[in-house]
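Report on the structure given below.
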Amino acid sequence: MTEVRVRFPPSPTGYLHIGGARTAICNWLFAKKHGGKLVLRIEDTDTERSTEESIEGIINGLKWLGLDWDEGPYFQSAYAAEHLAAAHRLLSEGAAYKCFCTVEELEARRQEAARTKSDYRYNGACRDLNPEELAARETTGLTFVIRFRVPRGEGFVAFKDRVYGGIEQAYRDIEDFVIVRSSNLPLYLLSNVVDDIRDRITHVIRGQDGLSNTPRQILLYRALGAPLPVFAHMPLTLDHKKAKISKRNHGEIVTVQYYQERGFIPWALVNFLVLLGWSPGDDREIFSREELIAAFSLEGMTRANAIFNHRKGDPKFFTDPKAIKINAHYLRTIPVAKLAELVKPALQKVGIWDEAYEKDRRAWFQRTLELIRERFHTLSDFASLGRAWFADDFSMDETALHKHLGKYPQLKEWLPELAERFAALPQITPDEAERISREFAEAHGVKPGIPINAARMVITGQSKGPNMFEIFAHIGQDKVVKRLRAAGQ
RNA sequence: GUCCCCAUCGUCUAGCCAGGUCCAGGACACCGGCCUUUCACGCCGGCAGCACCGGUUCGAAUCCGGUUGGGGACGCCA
């Protein structure tokens with residue numbers, strides 16, 4: 001059996017679209033699963049959009065997701081001559097022909113067709129020019145495009161898509177499409193096929209929007225005498241209004257970079273994305289890298305388009321709730337050492353990273369992460385909600401503060417008093433903290449929750465969090481004492 | 001308009017190919033409960049779906065036809 005070779009061919013837009021990421025993930029998984037190769041090919045034929053930065057945006061997105069490739073990046077623009085050569089070969093073999101119709105003529109016909117609501121297709125005006133006519137036009141220096149000569153007659157192109165099954169399209173429904181522009185530049189349909197042939201791609205796994213291009217591409221493969229790859233189209237991801245998700249209409253939410261900035265764990269995003277339009281056939285939803293590779297198959301692909309469940313402006317869910325849920329799951333289950341690596345950039349970003357967290361404070365840091373990760377959803381939460389653990393300047397939720405301290409104005413005196421009890425300890429342990437807290441509450445005739453939650457507020461800035469006795473013992477005696485004392489003001 | 005494709009809870013989906021074991025299973029979200037000094041996690045429970053019509057069959061979410069709805073493609077864009 002020949003080696004499996006798949007490719008991911010993004011056009012350089014400056015960012016990696018989550019739909020593109022999904023395509024990349026599936027190709028990557030397929031390659032890994034079959035011990036094959038993944039080729040990265042930048043389709044930069046549209047030179048205006050292809051800048052150094054726009055290419056880097058794609059590459060960085062892939063790298064961040066942890067997707068690696070075996071060959072490339074190749075650049076489509078580097079092969080323009082090859083694409084052209086293929087076109088000229090088709091021309092000389094009669095599989096393609098020169099068309100001298102002008103864009104104006106074509107456009108007029110197209111509009112006429114639209115007006116009469118009738119079907120438009122190139123009328124084949126130049127398809128059968130005789131040698132004299134052809135020579136006459138060539139000598140006048142008229143510009144021309146090269147069109148592919150689609151077979152006429154009753155036949156049809158049929159192929160078996162690995163996801164959608166048997167697909168067929170009648171020749172009569174395929175027009176003689178242009179493969180080379182009048183500026184002598186090759187067009188996507190041709191370039192793509194020529195590149196795939198050269199790169200020996202065995203499986204074309206792409207979005208369903210490529211499905212209707214497939215019959216024309218198959219015609220090209222045939223004319224070029226190349227073996228057909230296996231085609232597998234995957235459903236698209238749409239928004240709530242069933243429209244394709246795009247940066248233009250949905251903003252940053254569709255870019256991989258957005259999730260990076262918002263504190264997603266790369267693999268969590270991969271895990272979420274792969275579930276959009278694919279399922280292992282059983283109830284599993286969380287996969288390690290190895291598990292996913294083992295479980296992945298084209299057969300598990302859904303045929304219906306998936307909807308990216310994002311409600312614009314939702315304060316609780318800034319993206320699809322399931323994506324957040326999966327991220328939170330990884331947040332609290334990955335090895336803490338790994339988590340530490342991921343949290344580091346989040347803390348650095350807001351300037352509260354301490355080098356000691358990787359040296360003598362390493363154990364403390366990791367224990368802290370263990371303590372607080374349970375209720376966080378993103379890596380960014382460590383820097384925001386968890387800020388009090390790593391810095392002394394943290395803000396307090398005013399309404400929560402009022403709720404916990406307002407009912408008992410005496411807490412202003414009580415908390416500094418509690419501070420002294422903790423200060424008197426040689427070292428705070430959870431048990432000691434609990435004993436002191438309960439005794440203290442009893443001494444003042446209130447329920448333990450009153451001073452405990454008030455202390456939580458002033459020590460962590462949050463009304464919610466881990467077991468308070470653990471916090472007393474772990475956050476540091478100096479911080480406990482200082483913050484409780486400061487509650488006096 | 002033409003061609004291609006699709007259709008199970010609000011969302012992601014299992015089941016469909018090989019019809020009965022499905023008065024449809026899981027997850028997210030939502031609602032209730034337990035746990036608890038708080039919040040979360042966790043656990044327990046609940047809400048909610050086979051688009052519609054017809055056919056085949058003893059029996060259809062599953063097969064067939066149609067209707068409706070949705071998506072994609074119809075460029076000298078990729």
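Following the order of the structure tokens, first chain is A, next is B, and so on, with residues numbered from 1 inside each chain and ligands from 1 in the order they appear.
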Could you give me, as a tab-separated table, every chain A residue with an atom at most 6 Å from chain B, plus its closest atom pair and distance in Å to one decimal, counting only C-alpha atoms (C1' of nucleotides), rows ordered by chain then number?
```
residue	atom	partner	partner_atom	distance
A:Lys117	CA	B:G1	C1'	4.6
A:Ser118	CA	B:G1	C1'	4.8
A:Asp119	CA	B:U2	C1'	5.2
A:Arg181	CA	B:C76	C1'	4.4
A:Ser182	CA	B:C76	C1'	6.0
A:Asp209	CA	B:G72	C1'	5.4
A:Ser212	CA	B:A73	C1'	5.2
A:Asp283	CA	B:G26	C1'	5.5
A:Ala304	CA	B:C6	C1'	5.2
A:Asn309	CA	B:U11	C1'	5.7
A:Lys322	CA	B:C28	C1'	4.9
A:Arg375	CA	B:A40	C1'	4.5
A:Gly449	CA	B:U37	C1'	4.1
A:Lys464	CA	B:C39	C1'	4.1
A:Gly465	CA	B:C39	C1'	5.6
```
From a DSSP calculation on the backbone, collect every residue of range 113-323 of chain A in strand (DSSP E or B) and output the set as a PyMOL selection string. chain A and resi 145-148+156-161+165-170+178-180+186+203-207+230-234+237-238+244+255+278+301+306-307
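By only C-alpha atoms (C1' of nucleotides), and with residues fewer than 2 positions from range 431-436 of chain A along its chain excluded, the set lying at most 10 Å from it is Leu418, Arg421, Phe422, Leu425, Gln427, Ile428, Thr429, Arg438, Glu439, Phe440, Ala441, Glu442, Pro448, Ile452, Met468, Phe469, Glu470, Ile471, Phe472 and Ala473 of chain A.
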What lies within 12 Å of G33 in chain B using only C-alpha atoms (C1' of nucleotides), ignoring chain neighbours under 5 positions off, as a compact mmCIF listing (two decimals) with C-alpha atoms (C1' of nucleotides), in the first residue's frame?
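Resulting contents of part_21.txt:
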```txt
# COMPACT_ATOMS: atom_id res chain seq x y z
C1' C B 43 -22.97 12.91 42.36
C1' C B 44 -28.43 12.26 41.77
C1' G B 45 -32.85 13.82 39.26
C1' G B 46 -35.59 16.83 35.58
```
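Distances here use only C-alpha atoms; by that measure, the residue among A:Phe296, A:Phe272, A:Tyr259, A:Trp414 closest to Lys32 in chain A is A:Phe296.
Every protein, DNA or RNA residue with an atom at most 12 Å from Leu385 in chain A, where only C-alpha atoms (C1' of nucleotides) count and chain neighbours fewer than 2 positions away do not, is listed here: A:Leu347, A:Ile372, A:Arg373, A:Arg375, A:Phe376, A:His377, A:Thr378, A:Leu379, A:Ser380, A:Asp381, A:Phe382, A:Ala383, A:Arg387, A:Ala388, A:Trp389, A:Phe390, A:Ala391, A:Phe394, A:Ser395, A:Met396, A:Asp397, A:Thr460, A:Gly461, A:Gln462, A:Ser463, A:Lys464, A:Gly465.
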Writer output for current selection, N, CA, C and O atoms, as a tab-separated table (two decimals), in the first residue's frame:
```tsv
chain	number	residue	atom	x	y	z
A	347	LEU	N	0.39	34.86	33.54
A	347	LEU	CA	0.83	35.73	34.63
A	347	LEU	C	1.83	36.77	34.11
A	347	LEU	O	1.81	37.93	34.50
A	372	ILE	N	-6.57	26.30	43.37
A	372	ILE	CA	-7.52	27.23	42.75
A	372	ILE	C	-8.06	26.81	41.38
A	372	ILE	O	-9.03	27.37	40.90
A	373	ARG	N	-7.44	25.83	40.76
A	373	ARG	CA	-7.86	25.52	39.39
A	373	ARG	C	-9.26	24.94	39.29
A	373	ARG	O	-9.89	25.00	38.24
A	375	ARG	N	-12.14	25.85	40.15
A	375	ARG	CA	-13.28	26.66	39.68
A	375	ARG	C	-12.96	27.63	38.56
A	375	ARG	O	-13.74	28.50	38.27
A	376	PHE	N	-11.81	27.45	37.94
A	376	PHE	CA	-11.46	28.32	36.82
A	376	PHE	C	-11.81	27.66	35.49
A	376	PHE	O	-11.87	26.44	35.38
A	377	HIS	N	-12.01	28.51	34.51
A	377	HIS	CA	-12.36	27.99	33.18
A	377	HIS	C	-11.30	28.22	32.13
A	377	HIS	O	-11.22	27.51	31.15
A	378	THR	N	-10.51	29.26	32.34
A	378	THR	CA	-9.45	29.54	31.37
A	378	THR	C	-8.16	29.87	32.11
A	378	THR	O	-8.18	30.17	33.31
A	379	LEU	N	-7.08	29.85	31.38
A	379	LEU	CA	-5.78	30.17	31.98
A	379	LEU	C	-5.75	31.62	32.44
A	379	LEU	O	-5.06	31.97	33.39
A	380	SER	N	-6.51	32.46	31.76
A	380	SER	CA	-6.55	33.87	32.13
A	380	SER	C	-7.13	34.08	33.52
A	380	SER	O	-6.81	35.07	34.19
A	381	ASP	N	-7.98	33.15	33.94
A	381	ASP	CA	-8.58	33.27	35.26
A	381	ASP	C	-7.54	33.29	36.38
A	381	ASP	O	-7.74	33.91	37.42
A	382	PHE	N	-6.41	32.63	36.14
A	382	PHE	CA	-5.37	32.60	37.17
A	382	PHE	C	-4.82	33.99	37.41
A	382	PHE	O	-4.44	34.34	38.51
A	383	ALA	N	-4.81	34.79	36.33
A	383	ALA	CA	-4.27	36.14	36.45
A	383	ALA	C	-5.32	37.13	36.93
A	383	ALA	O	-4.99	38.15	37.54
A	387	ARG	N	-5.63	36.55	41.08
A	387	ARG	CA	-4.55	37.53	41.22
A	387	ARG	C	-4.03	37.67	42.66
A	387	ARG	O	-2.82	37.81	42.88
A	388	ALA	N	-4.91	37.60	43.62
A	388	ALA	CA	-4.51	37.81	45.02
A	388	ALA	C	-3.47	36.81	45.49
A	388	ALA	O	-2.76	37.03	46.47
A	389	TRP	N	-3.38	35.69	44.79
A	389	TRP	CA	-2.39	34.68	45.18
A	389	TRP	C	-0.99	35.08	44.74
A	389	TRP	O	-0.01	34.63	45.31
A	390	PHE	N	-0.93	35.91	43.72
A	390	PHE	CA	0.37	36.22	43.14
A	390	PHE	C	0.78	37.68	43.27
A	390	PHE	O	1.88	38.04	42.91
A	391	ALA	N	-0.14	38.52	43.75
A	391	ALA	CA	0.18	39.94	43.86
A	391	ALA	C	-0.58	40.54	45.02
A	391	ALA	O	-1.58	39.99	45.47
A	394	PHE	N	-4.73	43.72	44.28
A	394	PHE	CA	-5.83	43.03	43.60
A	394	PHE	C	-7.11	43.78	43.95
A	394	PHE	O	-7.21	44.41	44.99
A	395	SER	N	-8.06	43.69	43.05
A	395	SER	CA	-9.29	44.44	43.28
A	395	SER	C	-10.31	43.56	43.99
A	395	SER	O	-10.21	42.34	43.99
A	396	MET	N	-11.27	44.23	44.58
A	396	MET	CA	-12.31	43.49	45.28
A	396	MET	C	-13.66	43.79	44.69
A	396	MET	O	-13.98	44.91	44.37
A	397	ASP	N	-14.44	42.75	44.56
A	397	ASP	CA	-15.79	42.89	44.06
A	397	ASP	C	-16.59	43.64	45.12
A	397	ASP	O	-16.87	43.12	46.20
A	460	THR	N	-8.53	37.09	49.57
A	460	THR	CA	-8.45	36.68	48.16
A	460	THR	C	-9.15	37.65	47.20
A	460	THR	O	-9.01	37.52	45.99
A	461	GLY	N	-9.93	38.58	47.75
A	461	GLY	CA	-10.64	39.50	46.88
A	461	GLY	C	-11.87	38.87	46.26
A	461	GLY	O	-12.58	39.50	45.49
A	462	GLN	N	-12.11	37.61	46.58
A	462	GLN	CA	-13.22	36.88	45.99
A	462	GLN	C	-14.19	36.39	47.06
A	462	GLN	O	-13.79	36.13	48.19
A	463	SER	N	-15.44	36.27	46.69
A	463	SER	CA	-16.41	35.77	47.64
A	463	SER	C	-16.49	34.25	47.58
A	463	SER	O	-17.16	33.61	48.34
A	464	LYS	N	-15.81	33.71	46.57
A	464	LYS	CA	-15.83	32.26	46.43
A	464	LYS	C	-14.40	31.77	46.21
A	464	LYS	O	-13.54	32.52	45.79
A	465	GLY	N	-14.20	30.51	46.52
A	465	GLY	CA	-12.86	29.97	46.35
A	465	GLY	C	-12.71	28.67	47.10
A	465	GLY	O	-13.69	28.09	47.55
```
What's around Glu341 in chain A at 12 Å? Count only C-alpha atoms (C1' of nucleotides), leave out sequence neighbours fewer than 5 positions away in its own chain, and write the answer as a PyMOL selection string. chain A and resi 265+331+334-336+346-348+353+357-358+362+365-366+369+379
Need to verify the contact set: U8 in chain B, 7 Å, only C-alpha atoms (C1' of nucleotides), exclusion of same-chain residues closer than 2 positions in sequence. Can you return it as a ChimeraX atom specification? /B:49-50,61
Please report, as a PyMOL selection string, each residue of range 201-270 of chain A to which DSSP assigns helix (DSSP H, G or I) when run on this structure's backbone. chain A and resi 208-223+247-254+256-261+266-270
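Using only C-alpha atoms, the nearest neighbour of Trp28 in chain A within the list A:Asp68, A:Glu261, A:Asp176, A:Asp354 is A:Asp68.
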